Every structure is written in C-alpha cells, then in structure tokens.
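Undergrad: Here you go, target25.txt (compact mmCIF, C-alpha atoms):
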```txt
# COMPACT_ATOMS: atom_id res chain seq x y z
CA TYR A 1 164.95 72.86 117.51
CA TRP A 2 166.31 71.58 114.19
CA MET A 3 164.06 73.92 112.19
CA GLY A 4 165.38 76.88 114.17
CA TYR A 5 168.98 75.80 113.60
CA MET A 6 168.50 75.23 109.85
CA SER A 7 166.49 78.42 109.32
CA LYS A 8 169.77 80.39 109.30
CA LEU A 9 168.16 83.17 111.30
CA GLY A 10 171.01 82.61 113.73
CA ASP A 11 173.42 83.47 110.90
CA TYR A 12 171.64 86.77 110.25
CA LEU A 13 171.63 87.65 113.95
CA PHE A 14 175.33 86.83 114.17
CA ALA A 15 176.09 89.03 111.13
CA ILE A 16 174.37 91.96 112.86
CA TYR A 17 176.24 91.24 116.08
CA TYR A 18 179.62 90.69 114.39
CA GLU A 19 179.62 93.39 111.72
CA GLY A 20 176.78 95.74 112.66
CA PHE A 21 177.63 96.18 116.33
CA GLY A 22 181.40 95.96 115.81
CA PHE A 23 182.18 92.82 117.80
CA LYS A 24 184.54 91.69 115.02
CA LYS A 25 187.56 93.46 116.53
CA PHE A 26 186.85 91.90 119.93
CA LEU A 27 186.47 88.32 118.70
CA GLN A 28 189.47 88.28 116.32
CA MET A 29 192.09 88.97 119.00
CA ASP A 30 194.61 86.27 119.80
CA ILE A 31 196.19 85.62 123.18
CA ASN A 32 199.76 85.13 124.39
CA ALA A 33 200.65 83.03 127.45
CA VAL A 34 201.19 85.94 129.86
CA PHE A 35 197.49 86.74 130.12
CA PRO A 36 196.26 83.25 131.16
CA LYS A 37 199.23 82.83 133.51
CA SER A 38 198.28 86.06 135.28
CA LEU A 39 194.66 84.92 135.62
CA ILE A 40 195.80 81.56 136.99
CA VAL A 41 198.17 83.01 139.59
CA GLY A 42 195.72 85.71 140.69
CA GLY A 43 192.69 83.41 140.78
CA LEU A 44 194.39 80.53 142.61
CA PHE A 45 196.04 82.89 145.12
CA LEU A 46 192.67 84.41 146.01
CA ASN A 47 191.11 80.93 146.19
CA LEU A 48 193.83 79.93 148.64
CA ILE A 49 193.10 82.98 150.81
CA LEU A 50 189.39 82.07 150.81
CA PHE A 51 190.16 78.44 151.62
CA SER A 52 192.52 79.24 154.49
CA ASN A 53 189.87 81.53 156.02
CA GLY A 54 187.08 78.96 155.76
CA ALA A 55 185.28 80.78 152.96
CA PHE A 56 185.85 78.46 149.99
CA GLY A 57 183.40 75.71 149.22
CA ARG A 58 179.76 74.85 149.30
CA GLY A 59 177.84 75.72 152.43
CA ILE A 60 180.92 76.71 154.47
CA ALA A 61 180.62 80.45 155.05
CA THR A 62 178.84 83.55 153.81
CA ALA A 63 179.84 87.19 153.53
CA ASP A 64 177.99 87.93 156.78
CA ASN A 65 180.61 85.91 158.67
CA PHE A 66 183.40 88.31 157.67
CA SER A 67 184.25 91.99 157.61
CA GLY A 68 186.52 94.30 155.68
CA PHE A 69 188.48 92.95 152.73
CA MET A 70 187.45 89.32 153.35
CA LYS A 71 183.77 90.22 153.17
CA TYR A 72 184.16 91.64 149.65
CA LEU A 73 186.35 88.70 148.69
CA VAL A 74 183.58 86.28 149.71
CA VAL A 75 180.93 88.32 147.87
CA PHE A 76 182.91 88.04 144.63
CA SER A 77 184.22 84.53 145.26
CA GLY A 78 182.20 83.08 142.39
CA TYR A 79 183.88 85.43 139.91
CA ILE A 80 187.30 84.83 141.49
CA GLU A 81 186.91 81.09 140.99
CA LYS A 82 186.14 81.67 137.31
CA LEU A 83 189.32 83.75 136.82
CA SER A 84 191.63 80.80 137.34
CA LEU A 85 189.35 78.52 135.28
CA ILE A 86 189.43 80.96 132.36
CA GLY A 87 193.20 81.14 132.70
CA TYR A 88 193.45 77.34 132.73
CA PHE A 89 191.24 77.05 129.65
CA LEU A 90 193.34 79.55 127.68
CA LEU A 91 196.60 77.97 128.83
CA ALA A 92 195.31 74.51 127.79
CA LEU A 93 194.51 75.93 124.36
CA ILE A 94 198.05 77.33 124.01
CA TYR A 95 199.64 74.15 125.42
CA PHE A 96 197.81 71.83 123.02
CA LYS A 97 198.65 74.10 120.08
CA THR A 98 202.35 74.69 120.79
CA LYS A 99 203.37 72.02 123.36
CA LYS A 100 204.93 74.85 125.38
CA TYR A 101 204.44 75.62 129.10
CA LYS A 102 204.11 71.95 130.05
CA THR A 103 205.03 72.51 133.72
CA TRP A 104 202.61 75.42 133.99
CA TYR A 105 199.81 73.37 132.47
CA TRP A 106 200.15 70.26 134.66
CA THR A 107 200.71 72.24 137.86
CA THR A 108 197.64 74.33 137.14
CA LEU A 109 195.57 71.23 136.36
CA PHE A 110 196.57 69.63 139.68
CA LEU A 111 195.63 72.76 141.64
CA GLN A 112 192.35 73.12 139.76
CA ILE A 113 191.46 69.52 140.63
CA PHE A 114 192.22 70.24 144.28
CA PHE A 115 190.00 73.33 144.43
CA ALA A 116 187.25 71.65 142.40
CA LEU A 117 187.30 68.80 144.89
CA VAL A 118 187.23 70.90 148.08
CA SER A 119 184.48 73.13 146.64
CA GLY A 120 182.05 70.49 147.91
CA ALA A 121 180.14 70.07 144.64
CA ARG A 122 180.23 67.66 141.70
CA GLY A 123 179.80 70.29 138.99
CA PRO A 124 183.32 71.82 139.15
CA ILE A 125 184.92 68.38 138.62
CA ILE A 126 182.87 67.71 135.49
CA PHE A 127 183.27 71.28 134.25
CA LEU A 128 187.06 71.03 134.62
CA PHE A 129 187.07 67.96 132.39
CA ILE A 130 185.00 69.85 129.80
CA LEU A 131 187.46 72.76 129.96
CA THR A 132 190.19 70.26 129.10
CA LEU A 133 188.28 68.33 126.45
CA LEU A 134 187.14 71.33 124.41
CA PRO A 135 190.60 72.87 123.77
CA TYR A 136 191.91 69.38 122.96
CA TYR A 137 189.19 68.82 120.39
CA TYR A 138 189.54 72.36 119.04
CA VAL A 139 193.25 71.81 118.32
CA PHE A 140 193.32 68.17 117.20
CA ARG A 141 189.76 67.86 115.80
CA LYS A 142 189.33 64.40 117.30
CA ILE A 143 188.31 62.67 120.52
CA THR A 144 190.54 59.75 121.44
CA VAL A 145 189.58 56.60 123.35
CA THR A 146 191.81 57.81 126.17
CA MET A 147 189.81 61.04 126.47
CA LEU A 148 186.54 59.08 126.53
CA LEU A 149 187.89 56.81 129.28
CA ILE A 150 189.01 59.88 131.25
CA GLY A 151 185.48 61.25 130.83
CA VAL A 152 183.94 58.04 132.22
CA PHE A 153 186.41 58.10 135.12
CA THR A 154 185.57 61.77 135.77
CA MET A 155 181.84 61.02 136.00
CA ILE A 156 182.43 58.12 138.39
CA PHE A 157 184.87 60.21 140.42
CA ALA A 158 182.40 63.11 140.61
CA PHE A 159 179.60 60.89 141.89
CA THR A 160 181.74 58.92 144.37
CA ILE A 161 184.82 60.63 145.83
CA ALA A 162 183.49 64.13 145.14
CA SER A 163 180.19 63.15 146.77
CA GLU A 164 182.11 62.12 149.88
CA VAL A 165 183.89 65.48 149.93
CA LYS A 166 180.56 67.23 149.39
CA ARG A 167 179.07 65.60 152.48
CA PHE A 168 182.23 66.29 154.47
CA THR A 169 182.33 69.95 153.40
CA GLN A 170 178.75 70.51 154.52
CA ALA A 171 179.54 68.99 157.94
CA PHE A 172 183.03 70.44 158.39
CA ASP A 173 183.37 73.26 160.94
CA ASN A 174 186.16 75.51 159.70
CA SER A 175 184.95 78.86 160.96
CA SER A 176 188.55 79.58 161.94
CA ASP A 177 191.69 79.45 159.82
CA VAL A 178 192.39 76.02 158.32
CA SER A 179 195.41 74.64 156.49
CA VAL A 180 195.39 72.16 153.64
CA THR A 181 196.86 69.41 155.86
CA GLU A 182 194.26 70.03 158.60
CA TYR A 183 191.50 69.81 156.01
CA ALA A 184 192.91 66.55 154.58
CA ASP A 185 193.29 64.96 158.03
CA ALA A 186 189.74 65.92 159.00
CA PHE A 187 188.40 64.46 155.75
CA LEU A 188 190.20 61.12 156.26
CA ASP A 189 188.79 60.87 159.80
CA PHE A 190 185.31 61.73 158.54
CA ARG A 191 185.55 59.14 155.78
CA GLU A 192 186.66 56.40 158.17
CA GLU A 193 183.78 57.13 160.54
CA SER A 194 181.24 57.20 157.69
CA ALA A 195 182.55 54.33 155.55
CA THR A 196 179.39 52.22 155.91
CA GLU A 197 177.11 55.11 154.96
CA PHE A 198 179.23 55.96 151.90
CA GLU A 199 179.20 52.35 150.76
CA ARG A 200 175.42 52.22 150.98
CA LYS A 201 174.38 55.68 149.79
CA ILE A 202 177.08 56.63 147.29
CA TYR A 203 179.02 53.76 145.80
CA ASN A 204 176.10 51.36 145.43
CA SER A 205 174.04 53.94 143.52
CA VAL A 206 176.53 55.62 141.16
CA TYR A 207 174.54 54.75 138.03
CA TYR A 208 171.25 55.96 139.49
CA SER A 209 172.83 59.17 140.80
CA ILE A 210 174.24 60.03 137.37
CA MET A 211 171.02 59.23 135.54
CA GLU A 212 168.95 61.16 138.07
CA ARG A 213 171.04 64.29 137.46
CA LEU A 214 171.12 64.07 133.67
CA ASN A 215 167.62 62.76 132.93
CA THR A 216 164.76 65.27 133.00
CA VAL A 217 162.18 63.09 131.19
CA ALA A 218 160.46 61.76 134.33
CA PRO A 219 160.24 65.08 136.23
CA GLY A 220 159.32 66.86 133.00
CA SER A 221 156.43 64.42 132.46
CA ILE A 222 155.25 65.03 136.01
CA ALA A 223 155.34 68.79 135.42
CA ILE A 224 153.29 68.48 132.21
CA LYS A 225 150.71 66.30 133.95
CA TYR A 226 150.54 68.81 136.80
CA LYS A 227 149.84 71.61 134.30
CA ASP A 228 147.07 69.59 132.63
CA ASP A 229 145.46 68.51 135.92
CA HIS A 230 145.81 71.65 138.04
CA GLY A 231 146.83 74.51 135.78
CA ILE A 232 148.85 77.49 137.03
CA ASP A 233 147.57 79.69 139.87
CA LYS A 234 148.61 83.09 141.20
CA THR A 235 151.18 81.62 143.59
CA ASP A 236 153.07 79.91 140.76
CA PRO A 237 155.86 81.56 138.75
CA LYS A 238 154.95 83.79 135.79
CA PHE A 239 156.58 81.65 133.11
CA VAL A 240 155.82 83.86 130.09
CA GLN A 241 156.53 87.12 131.93
CA GLU A 242 159.96 85.78 132.93
CA LEU A 243 160.74 85.13 129.25
CA ILE A 244 159.58 88.59 128.15
CA THR A 245 161.84 90.32 130.69
CA ILE A 246 165.03 88.54 129.54
CA PRO A 247 166.31 91.58 127.50
CA LEU A 248 165.68 93.93 130.44
CA PHE A 249 167.45 91.76 133.01
CA THR A 250 170.36 91.24 130.65
CA LEU A 251 171.19 94.93 130.96
CA VAL A 252 169.82 95.71 134.42
CA PRO A 253 170.28 93.37 137.40
CA ARG A 254 167.01 91.82 138.45
CA SER A 255 167.68 92.85 142.05
CA LYS A 256 167.62 96.53 141.02
CA VAL A 257 164.22 96.23 139.34
CA LEU A 258 162.31 93.67 141.41
CA ASN A 259 164.57 93.56 144.49
CA SER A 260 164.94 89.80 143.98
CA LYS A 261 167.07 87.23 142.19
CA PHE A 262 165.87 84.60 139.73
CA MET A 263 163.75 82.11 141.62
CA SER A 264 164.85 78.56 142.26
CA TRP A 265 162.76 76.70 139.69
CA GLY A 266 163.93 73.34 140.98
CA ASN A 267 162.90 74.25 144.53
CA TRP A 268 159.45 75.38 143.36
CA PHE A 269 159.05 72.10 141.47
CA ARG A 270 160.05 70.01 144.48
CA ILE A 271 157.71 71.79 146.88
CA LYS A 272 154.67 72.67 144.74
CA VAL A 273 154.55 69.90 142.15
CA LEU A 274 156.22 66.96 143.94
CA GLY A 275 154.91 67.94 147.37
CA TYR A 276 158.15 67.87 149.36
CA SER A 277 158.28 70.12 152.42
CA ASP A 278 162.04 70.56 152.82
CA PRO A 279 163.29 73.48 150.66
CA TYR A 280 166.93 72.80 151.50
CA MET A 281 167.26 69.52 149.66
CA SER A 282 168.77 69.40 146.17
CA ASN A 283 166.77 71.14 143.46
CA THR A 284 164.97 68.92 140.96
CA SER A 285 165.44 69.76 137.27
CA PHE A 286 162.38 69.40 135.04
CA GLY A 287 163.81 70.58 131.72
CA GLN A 288 163.01 73.06 128.96
CA VAL A 289 160.04 71.17 127.52
CA ALA A 290 158.18 71.29 130.82
CA TYR A 291 159.08 74.96 131.36
CA PHE A 292 157.69 76.03 127.97
CA TYR A 293 154.65 73.79 128.42
CA MET A 294 153.92 75.45 131.77
CA GLY A 295 153.94 78.83 130.04
CA GLY A 296 151.96 78.11 126.89
CA LYS A 297 151.57 74.41 126.28
CA TRP A 298 152.78 72.97 122.96
CA PHE A 299 152.65 76.29 121.11
CA LEU A 300 155.30 77.79 123.40
CA VAL A 301 157.29 74.53 123.31
CA ILE A 302 157.57 74.84 119.49
CA ILE A 303 158.45 78.55 119.63
CA GLY A 304 160.90 78.03 122.49
CA PHE A 305 162.86 75.27 120.75
CA PHE A 306 162.85 77.16 117.46
CA VAL A 307 164.56 80.08 119.25
CA TYR A 308 166.88 77.62 120.97
CA GLY A 309 167.96 76.26 117.58
CA MET A 310 168.61 79.79 116.33
CA THR A 311 170.73 80.46 119.41
CA LEU A 312 172.87 77.36 118.85
CA ARG A 313 173.37 78.41 115.21
CA PHE A 314 174.53 81.80 116.50
CA CYS A 315 177.03 80.02 118.79
CA ASN A 316 178.30 77.89 115.92
CA ASN A 317 179.24 81.07 114.03
CA ILE A 318 181.34 82.19 116.99
CA LEU A 319 183.15 78.84 117.04
CA GLU A 320 183.97 79.04 113.32
CA LEU A 321 185.99 82.26 113.83
CA GLU A 322 188.84 80.08 115.17
CA SER A 323 190.56 82.57 117.47
CA GLY A 324 191.44 82.21 121.13
CA ILE A 325 188.93 84.81 122.28
CA SER A 326 186.13 83.53 120.04
CA PHE A 327 186.57 80.00 121.39
CA LEU A 328 186.42 81.33 124.94
CA ILE A 329 183.22 83.25 124.18
CA PHE A 330 181.77 80.15 122.50
CA LEU A 331 182.47 78.16 125.66
CA ALA A 332 180.95 80.87 127.87
CA ALA A 333 177.84 80.96 125.69
CA LEU A 334 177.54 77.19 125.64
CA SER A 335 178.00 76.95 129.41
CA ALA A 336 174.86 79.10 129.76
CA ILE A 337 172.57 77.36 127.27
CA GLY A 338 174.24 74.07 126.36
CA TYR A 339 172.22 72.25 129.00
CA ILE A 340 169.24 74.07 130.49
CA SER A 341 167.87 72.12 133.43
CA ALA A 342 164.88 74.34 134.20
CA SER A 343 165.83 78.02 134.53
CA VAL A 344 165.26 79.09 130.93
CA PRO A 345 165.18 82.87 131.69
CA GLY A 346 168.31 82.76 133.85
CA SER A 347 170.17 80.72 131.22
CA TYR A 348 169.34 83.16 128.42
CA VAL A 349 170.25 86.17 130.54
CA SER A 350 173.64 84.55 131.24
CA PHE A 351 174.06 83.77 127.53
CA LEU A 352 173.35 87.34 126.43
CA ARG A 353 175.60 88.83 129.10
CA ASN A 354 178.42 86.47 128.10
CA VAL A 355 178.30 87.35 124.39
CA ILE A 356 177.73 91.09 124.95
CA PHE A 357 179.94 92.02 127.90
CA ILE A 358 182.80 89.49 128.02
CA PRO A 359 184.34 90.28 124.56
CA PRO A 360 184.92 94.02 125.16
CA ILE A 361 186.12 93.37 128.72
CA PHE A 362 188.73 90.90 127.50
CA TYR A 363 189.67 93.22 124.65
CA ILE A 364 190.40 96.05 127.09
CA VAL A 365 192.28 93.83 129.54
CA ILE A 366 194.45 92.20 126.84
CA LYS A 367 195.21 95.60 125.29
CA LEU A 368 196.27 96.81 128.73
CA PHE A 369 198.53 93.79 129.19
CA ASN A 370 200.10 94.40 125.79
CA ARG A 371 200.60 98.11 126.50
CA LEU A 372 202.29 97.38 129.82
CA ARG A 373 204.28 94.58 128.16
CA LEU A 374 203.48 92.23 131.03
```
Produce structure tokens that represent the structure in this file.

TA:
Amino acid sequence: YWMGYMSKLGDYLFAIYYEGFGFKKFLQMDINAVFPKSLIVGGLFLNLILFSNGAFGRGIATADNFSGFMKYLVVFSGYIEKLSLIGYFLLALIYFKTKKYKTWYWTTLFLQIFFALVSGARGPIIFLFILTLLPYYYVFRKITVTMLLIGVFTMIFAFTIASEVKRFTQAFDNSSDVSVTEYADAFLDFREESATEFERKIYNSVYYSIMERLNTVAPGSIAIKYKDDHGIDKTDPKFVQELITIPLFTLVPRSKVLNSKFMSWGNWFRIKVLGYSDPYMSNTSFGQVAYFYMGGKWFLVIIGFFVYGMTLRFCNNILELESGISFLIFLAALSAIGYISASVPGSYVSFLRNVIFIPPIFYIVIKLFNRLRL
C-alpha cells in the first residue's frame, strides 16, 4: 500500500483527470448556503413522507408494498436519504467557517440524528458523526479532546441504543400510516418488554460487538486457510473477473449486462466458508487481503494494495484543492474506499462513479441555482 501511495502514480492520474479531462472547473466551484439548505429541506421532507407511510428504515417495507408516487419514492429512498446528508455536510462546512446559520445547523443535526436512529441500522449514526468531524477538521485543522469523547460516545450509542432501535424496527409492524409519537410510544413499550434481553445481548457485549464489526483479521485468516485447503471451485465467485469488469460496470449498470447486482460477499463467506445455513443473518466481512488472496494469492495481494495506495494518493490530491465541492468529492470517494470490508469490486465502482459523475452533476445544479437566484 505504502509503495503505491509513494510512487506518485496517483498524482499523474489525478493530473490527467483534473487537467486532461477538464474536471478543474467542476472541483473549483464554491458553495453558498442556499444550495445545502435546499437539499436539507427537500431530503428531510421526503424522508418524513417515507417515515409516515412506513417506508423508512431497515427491513420495514419495499417498493412492492406501494403503488404510484410512493413506489418510486421507495425505489429512490437511498438517494433521497443522501440528499439531506449532503446538505448537512455542506452546511456544517459553512457553519464552521463563518459561524453563520447556527439555528439551521443545530436543527438539521437534531433531525439527522432522529432519522439515523429510526433507520434501524448502526451505520448512519457513525456516518453522521464522520460528516460532522471531517468539516470540523477541515476548517480548524485539529481534533479536540471533546470531539474524541463525542466519537467514543457515538460508538457506544450506535452499539447500544441504536441496536435496540434496530431490533425494534425489524419487529415493528407499521404497514399503515404512523406518526412520530406512535413510533416513540411503541418503541418504549418494546424496550420495557425486552429489557432483560437487551441487558444480556447488547449492553454486556458492547466491546465485542464493536471489535467484531471493525476487525477482519480473524475472518480474513479463515478465508486464506480455506483457499489453501480447498481452493476455489466453479460455484464460488470469480474474484479476478469481478476486478477486470470494474471499468465496464462503472459506466453501465451491472443489472443491464448480467441481469444481477453485485453479490453479497459477506453472505457467501458465511455460508460457504464458515458453514452457516441462514443467509439472512448479518454479513461477515473478511477484508481486502482475503479477497485478493482468493483471486491470486500473494501476487494479487501485492498488486491490489499497490493500486489501493495509488487510489488514496489520488484522493489526497482532491482534498488539497481546498474548495467546498472538492471536499465533498473527497468525502464521497473516501466513503467508497476508505474502509473496504470485502466487496472490492463494488467499492471501486462506487469510487469511480463518485469522482466521475458527481462533480459535473453538482456543477450543473449549482449553476442552475445561481441562474435562478434561489
């Protein structure tokens, strides 16, 4: 990895991207407060519609349960959720820089915490903290003890209270319209009935839950041993082929070519390598090292991490541009490849789409806002 980063090939690739392909004009744009405010209002309003119709959150409802406008809203719910998060991130950047829009910032943060919590997953809570930490560091160039303590609290919160909400969300029947107060009352009743189970399964194992999610050494070692003992057969994923097709699936959706989405690598690992029979349990991450080893043993591991280092060097060049848009693109790129649990092809496809398609889209939208003087 370090050799790839220090090789400066990432610098050359960025120069081609920035100057050769003309992304300079996209990445050097700055942002006024109207744009993030519009994203926040639009995104949170649509989230509220989804929530009130029982279509917001993990495992609650699918597009097949709805018709008309709501069906399309559910289909694009993942993108809708990101709208308000992007708006929050940009507003946080402006707030930390100028100390303006204080009421907007804190109100938005409160609402984002609410929707992250009722989403029924831990990830949005942690991601929201990261979306706050990065603009803070970008502006002040330091991480305070207070921010570190908030980070520790966020992790504990995500693996305790958020875990309770996750279990509740998966069990909650809200196929009909539901209000915020009805949801809160149902959660408090559920928590009271399940207090003993929470105490045993969640609060007594916070440390182990966190380490299990972040540590891929043990499952990665198991995957490597599996490769050495059993090899890869025809029923296993085509690890190298998936890597080769990354450029193609960056431009063309995989579903249009192969009529399928990226496979669940964690599910395959649980069932085939670990021997579990239930495909609906949480996926098990086995890390980049094991993925590359499955495809071509240590040779592919070396090549894979060399390319990974180049990619991070490329991202560092985006960060050094020091504009609002460039920082947003840096965050989008890092969200795709900053931590790769197992799906290397899917992560790189997301990375390439983020750095290729997001800049011109934002350029057009911001130009439109400026032209309309919104």

Undergrad: Interatomic distance between atom CA of Ser326 of chain A and atom CA of Leu27 of chain A?

TA: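 Atom CA of Ser326 of chain A sits 5.0 Å away from atom CA of Leu27 of chain A.
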
Undergrad: In Å to one decimal, how far is atom CA of Leu93 of chain A from atom CA of Val139 of chain A?

TA: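 Distance between the two atoms: 7.4 Å.
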
Undergrad: So which one's closest to Ala33 of chain A, A:Phe89, A:Ile16, A:Phe286, A:Ser7? Using all atoms listed in the file, please.

TA: A:Phe89

Undergrad: Using all atoms listed in the file, which residue out of A:Ser285, A:Asn317, A:Thr250, A:Gln112 lies closest to Phe351 of chain A?

TA: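 Distance minimum relative to Phe351 of chain A lands on A:Thr250.
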
Undergrad: One decimal, in Å: what's the spacing between atom CA of Leu90 of chain A and atom CA of Phe26 of chain A?

TA: 16.0 Å

Undergrad: Using only C-alpha atoms, which protein or nucleic acid residues come within 10 Å of Trp104 of chain A? Drop anything in the same chain fewer than 5 positions from it, and give the result as number ranges by chain.

TA: A: 37, 40, 88, 91-92, 95, 109

Undergrad: Can you tell me, as a list in words, what residues are no more than 10 Å from Gly4 of chain A when counting all atoms listed in the file, ignoring any on the same chain fewer than 6 positions away?

TA: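 Selected residues are Gly10, Ile302, Ile303, Gly304, Phe305, Phe306, Val307, Tyr308, Gly309, Met310, Thr311, Leu312 and Arg313 of chain A.
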
Undergrad: Do a neighbour search on Leu133 of chain A at 9 Å with all atoms listed in the file, toss out local chain neighbours closer than 3 positions, and write the hits as a ChimeraX atom specification.

TA: /A:128-130,136-138,143,147,151

Undergrad: Closest to Asn47 of chain A among A:Trp106, A:Tyr101, A:Phe114, A:Phe299, using all atoms listed in the file?

TA: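 That would be A:Phe114, the residue with the smallest distance to Asn47 of chain A.
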
Undergrad: Do you know which residues lie at most 8 Å from (186.3, 89.3, 126.5), with coordinates as in the file and all atoms listed in the file counted, and could you write them as a VMD selection string?

TA: chain A and resid 26 to 27 325 329 357 to 364

Undergrad: The selected residues should be written to file as a CSV table (one decimal), in the frame of the given file (atoms: C-alpha atoms).

TA:
```csv
chain,number,residue,atom,x,y,z
A,26,PHE,CA,186.8,91.9,119.9
A,27,LEU,CA,186.5,88.3,118.7
A,325,ILE,CA,188.9,84.8,122.3
A,329,ILE,CA,183.2,83.2,124.2
A,357,PHE,CA,179.9,92.0,127.9
A,358,ILE,CA,182.8,89.5,128.0
A,359,PRO,CA,184.3,90.3,124.6
A,360,PRO,CA,184.9,94.0,125.2
A,361,ILE,CA,186.1,93.4,128.7
A,362,PHE,CA,188.7,90.9,127.5
A,363,TYR,CA,189.7,93.2,124.6
A,364,ILE,CA,190.4,96.0,127.1
```

Undergrad: Taking into account only C-alpha atoms, which residue in the set A:Leu149, A:Ile156, A:Ile86, A:Val349 is nearest to Leu243 of chain A?

TA: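 Closest to Leu243 of chain A, using only C-alpha atoms: A:Val349.
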
Undergrad: So which one's closest to Ser323 of chain A, A:Asn32, A:Ser52, A:Ser221, A:Thr103? Using all atoms listed in the file, please.

TA: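 Using all atoms listed in the file, the shortest distance to Ser323 of chain A belongs to A:Asn32.
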
Undergrad: For Asp236 of chain A, find every residue with an atom within 12 Å (counting only C-alpha atoms), except residues of its own chain fewer than 5 positions away, and show them as a PyMOL selection string.

TA: chain A and resi 227+230-231+241-242+263-265+267-269+271-273+294-295

Undergrad: My list of candidates is A:Val355, A:Val145, A:Leu44, A:Ile94. Which is closest to Ala116 of chain A when distances are computed with all atoms listed in the file?

TA: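 The closest residue to Ala116 of chain A is A:Leu44.
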
Undergrad: The centre and edge lengths of an axis-aligned box containing all atoms of segment 127-132 of chain A present in the file, extended by 4 Å on each side, are to be given in Å to one decimal, as lines of an AutoDock Vina configuration file.

TA:
```
center_x = 186.7
center_y = 70.4
center_z = 131.9
size_x = 14.9
size_y = 12.8
size_z = 13.5
```
